[in-house]
Amino acid sequence: MTNHILIVGASSGVGESLLRSLIEQGHQVTHLSRSADKVPAVSGARGVVWDAVKEPFPAECLPERLDGLVYCPGSIRLKPFTRLREQELRDDLDLNLLGAVRTLQAVSEPLKRSDRAAVVLFSTVAVGTGMPFHASVAAAKGAVEGLTRSLAAEWAPAIRVNAVAPTITDTPLAGRLLNSDEKRQTAADRHPLKRIATPEDIADAVRWLLTGNSLVTGQVLQLDAGLSELRLL
């Protein structure tokens, strides 16, 4: 069954992997990306340049009906709490939460015209598992988790709303945290499964939430190689 999916943030990493996999499965995709030179050239997908923080939502790019929305933008600001500036907290909140809110409000009507609509937002393992220096992103993504559950209740039964909470993933966003063999091994060793997530790992789970199961809503799916729940002695 062909769906029309909107992806915000498909220029690299998980968003790009998801875009390509959805196209391979025969779905239609419209994707919004901030930089024109980073919009992936994928046959069968329509790309639109949009900055989720600075620009009004480009409503003219929307089809009459949408079957799914994925909001991918995120940040990794690691900093001691006492050194965080208020503007940095606002910036993280604006990108992670308010950008998603703007998008959701803009696409609510096209989603309601579908009989199988689903939304997937992005959180982080750092919300449910306290980690030093993650205060800004954990606060912003914690708000996303609250939005996920509230909106899932408000939009049921017409639209399913879920989130994924990945651990560190091998994407350009996390590049400076994984830019040596030593850093990569240290990051992998923190996880019970002793591995780092790939964009394909996360994209597979997002695609399942979009198109693979019609019973799941209001959930935050932990994609963390066991980090949040398991302690190995």
# chains A, B, ... in the order shown; residues from 1 in each chain; ligands from 1
>>> residues_around(residues="range 109-121 of chain A", least_positions_apart="5", cutoff="8 Å", atoms="only C-alpha atoms", output="list in words")
Leu62, Pro63, Glu64, Arg65, Leu66, Asp67, Gly68, Leu69, Val70, Tyr71, Cys72, Ala100, Val144, Thr148, Ala158, Ile159, Arg160, Val161, Asn162, Ala163, Val164, Val206, Leu209, Leu210, Thr211 and Ser214 of chain A
>>> closest_atom_pairs(of="range 129-218 of chain A", to="range 12-16 of chain A", cutoff="7 Å", atoms="only C-alpha atoms", output="CSV")
residue,atom,partner,partner_atom,distance
A:Thr171,CA,A:Gly13,CA,4.9
A:Pro172,CA,A:Gly13,CA,6.5
A:Pro199,CA,A:Val14,CA,4.5
A:Glu200,CA,A:Val14,CA,6.8
A:Ile202,CA,A:Val14,CA,6.5
A:Ala203,CA,A:Val14,CA,5.7
>>> write_last_selection(atoms="N, CA and C atoms", output="short mmCIF file (atom, residue, chain, number, x, y, z; two decimals), in the first residue's frame")
data_model
loop_
_atom_site.label_atom_id
_atom_site.label_comp_id
_atom_site.auth_asym_id
_atom_site.auth_seq_id
_atom_site.Cartn_x
_atom_site.Cartn_y
_atom_site.Cartn_z
N THR A 171 25.95 9.38 12.82
CA THR A 171 25.48 10.37 11.86
C THR A 171 26.38 11.60 11.91
N PRO A 172 26.28 12.50 10.94
CA PRO A 172 27.08 13.72 11.00
C PRO A 172 26.84 14.53 12.28
N PRO A 199 22.27 4.80 11.17
CA PRO A 199 21.06 5.45 10.66
C PRO A 199 20.01 4.45 10.19
N GLU A 200 20.47 3.34 9.62
CA GLU A 200 19.54 2.32 9.12
C GLU A 200 18.79 1.66 10.27
N ILE A 202 17.82 3.05 13.07
CA ILE A 202 16.77 3.96 13.52
C ILE A 202 15.70 4.11 12.45
N ALA A 203 16.12 4.23 11.20
CA ALA A 203 15.16 4.38 10.10
C ALA A 203 14.23 3.18 10.01
#
>>> select_by_dssp(residues="range 7-233 of chain A", states="strand (DSSP E or B)", output="number ranges by chain")
A: 7-8, 28-33, 45-49, 68-71, 117-122, 159-166, 169, 197, 220-223
>>> atom_distance(atom1="CA of Arg34 in chain A", atom2="CA of Ala165 in chain A")
22.7 Å
>>> residues_around(residues="Leu223 in chain A", least_positions_apart="2", cutoff="9 Å", atoms="only C-alpha atoms", output="JSON, numbers by chain")
{"A": [124, 125, 164, 165, 166, 167, 197, 201, 202, 205, 221, 225, 226, 227]}
>>> write_last_selection(atoms="N, CA and C atoms", output="PDB file, in the first residue's frame")
ATOM      1  N   THR A 124      15.456  11.236  22.842  1.00  0.00           N
ATOM      2  CA  THR A 124      16.809  10.739  23.048  1.00  0.00           C
ATOM      3  C   THR A 124      16.829   9.863  24.287  1.00  0.00           C
ATOM      4  N   VAL A 125      17.745   8.923  24.322  1.00  0.00           N
ATOM      5  CA  VAL A 125      17.904   8.065  25.499  1.00  0.00           C
ATOM      6  C   VAL A 125      18.212   8.888  26.747  1.00  0.00           C
ATOM      7  N   VAL A 164      10.643   8.030  18.869  1.00  0.00           N
ATOM      8  CA  VAL A 164      11.765   7.126  19.094  1.00  0.00           C
ATOM      9  C   VAL A 164      12.804   7.866  19.924  1.00  0.00           C
ATOM     10  N   ALA A 165      13.509   7.106  20.775  1.00  0.00           N
ATOM     11  CA  ALA A 165      14.532   7.684  21.652  1.00  0.00           C
ATOM     12  C   ALA A 165      15.846   6.943  21.422  1.00  0.00           C
ATOM     13  N   PRO A 166      16.616   7.355  20.427  1.00  0.00           N
ATOM     14  CA  PRO A 166      17.858   6.641  20.110  1.00  0.00           C
ATOM     15  C   PRO A 166      18.984   6.966  21.084  1.00  0.00           C
ATOM     16  N   THR A 167      19.924   6.053  21.157  1.00  0.00           N
ATOM     17  CA  THR A 167      21.215   6.340  21.752  1.00  0.00           C
ATOM     18  C   THR A 167      22.093   7.011  20.695  1.00  0.00           C
ATOM     19  N   ALA A 197      24.499   2.700  17.288  1.00  0.00           N
ATOM     20  CA  ALA A 197      23.388   2.631  16.333  1.00  0.00           C
ATOM     21  C   ALA A 197      23.810   3.198  14.981  1.00  0.00           C
ATOM     22  N   ASP A 201      19.466   1.446  11.409  1.00  0.00           N
ATOM     23  CA  ASP A 201      18.790   0.893  12.587  1.00  0.00           C
ATOM     24  C   ASP A 201      17.585   1.751  12.981  1.00  0.00           C
ATOM     25  N   ILE A 202      17.819   3.045  13.068  1.00  0.00           N
ATOM     26  CA  ILE A 202      16.770   3.965  13.523  1.00  0.00           C
ATOM     27  C   ILE A 202      15.697   4.114  12.448  1.00  0.00           C
ATOM     28  N   ALA A 205      13.147   1.310  12.435  1.00  0.00           N
ATOM     29  CA  ALA A 205      12.147   1.405  13.494  1.00  0.00           C
ATOM     30  C   ALA A 205      11.114   2.486  13.185  1.00  0.00           C
ATOM     31  N   LEU A 221       9.680   4.722  21.834  1.00  0.00           N
ATOM     32  CA  LEU A 221      10.413   3.488  21.581  1.00  0.00           C
ATOM     33  C   LEU A 221      11.897   3.714  21.845  1.00  0.00           C
ATOM     34  N   ALA A 225      20.290   0.071  22.377  1.00  0.00           N
ATOM     35  CA  ALA A 225      21.206  -1.060  22.592  1.00  0.00           C
ATOM     36  C   ALA A 225      21.216  -1.516  24.042  1.00  0.00           C
ATOM     37  N   GLY A 226      20.083  -1.358  24.721  1.00  0.00           N
ATOM     38  CA  GLY A 226      19.936  -1.825  26.092  1.00  0.00           C
ATOM     39  C   GLY A 226      20.382  -0.854  27.157  1.00  0.00           C
ATOM     40  N   LEU A 227      20.837   0.333  26.772  1.00  0.00           N
ATOM     41  CA  LEU A 227      21.452   1.260  27.725  1.00  0.00           C
ATOM     42  C   LEU A 227      20.514   1.700  28.839  1.00  0.00           C
TER      43      LEU A 227
END
>>> closest_residue(among="A:Leu78, A:Leu230, A:Ala152, A:Val29", to="Thr129 in chain A", atoms="only C-alpha atoms")
A:Leu230
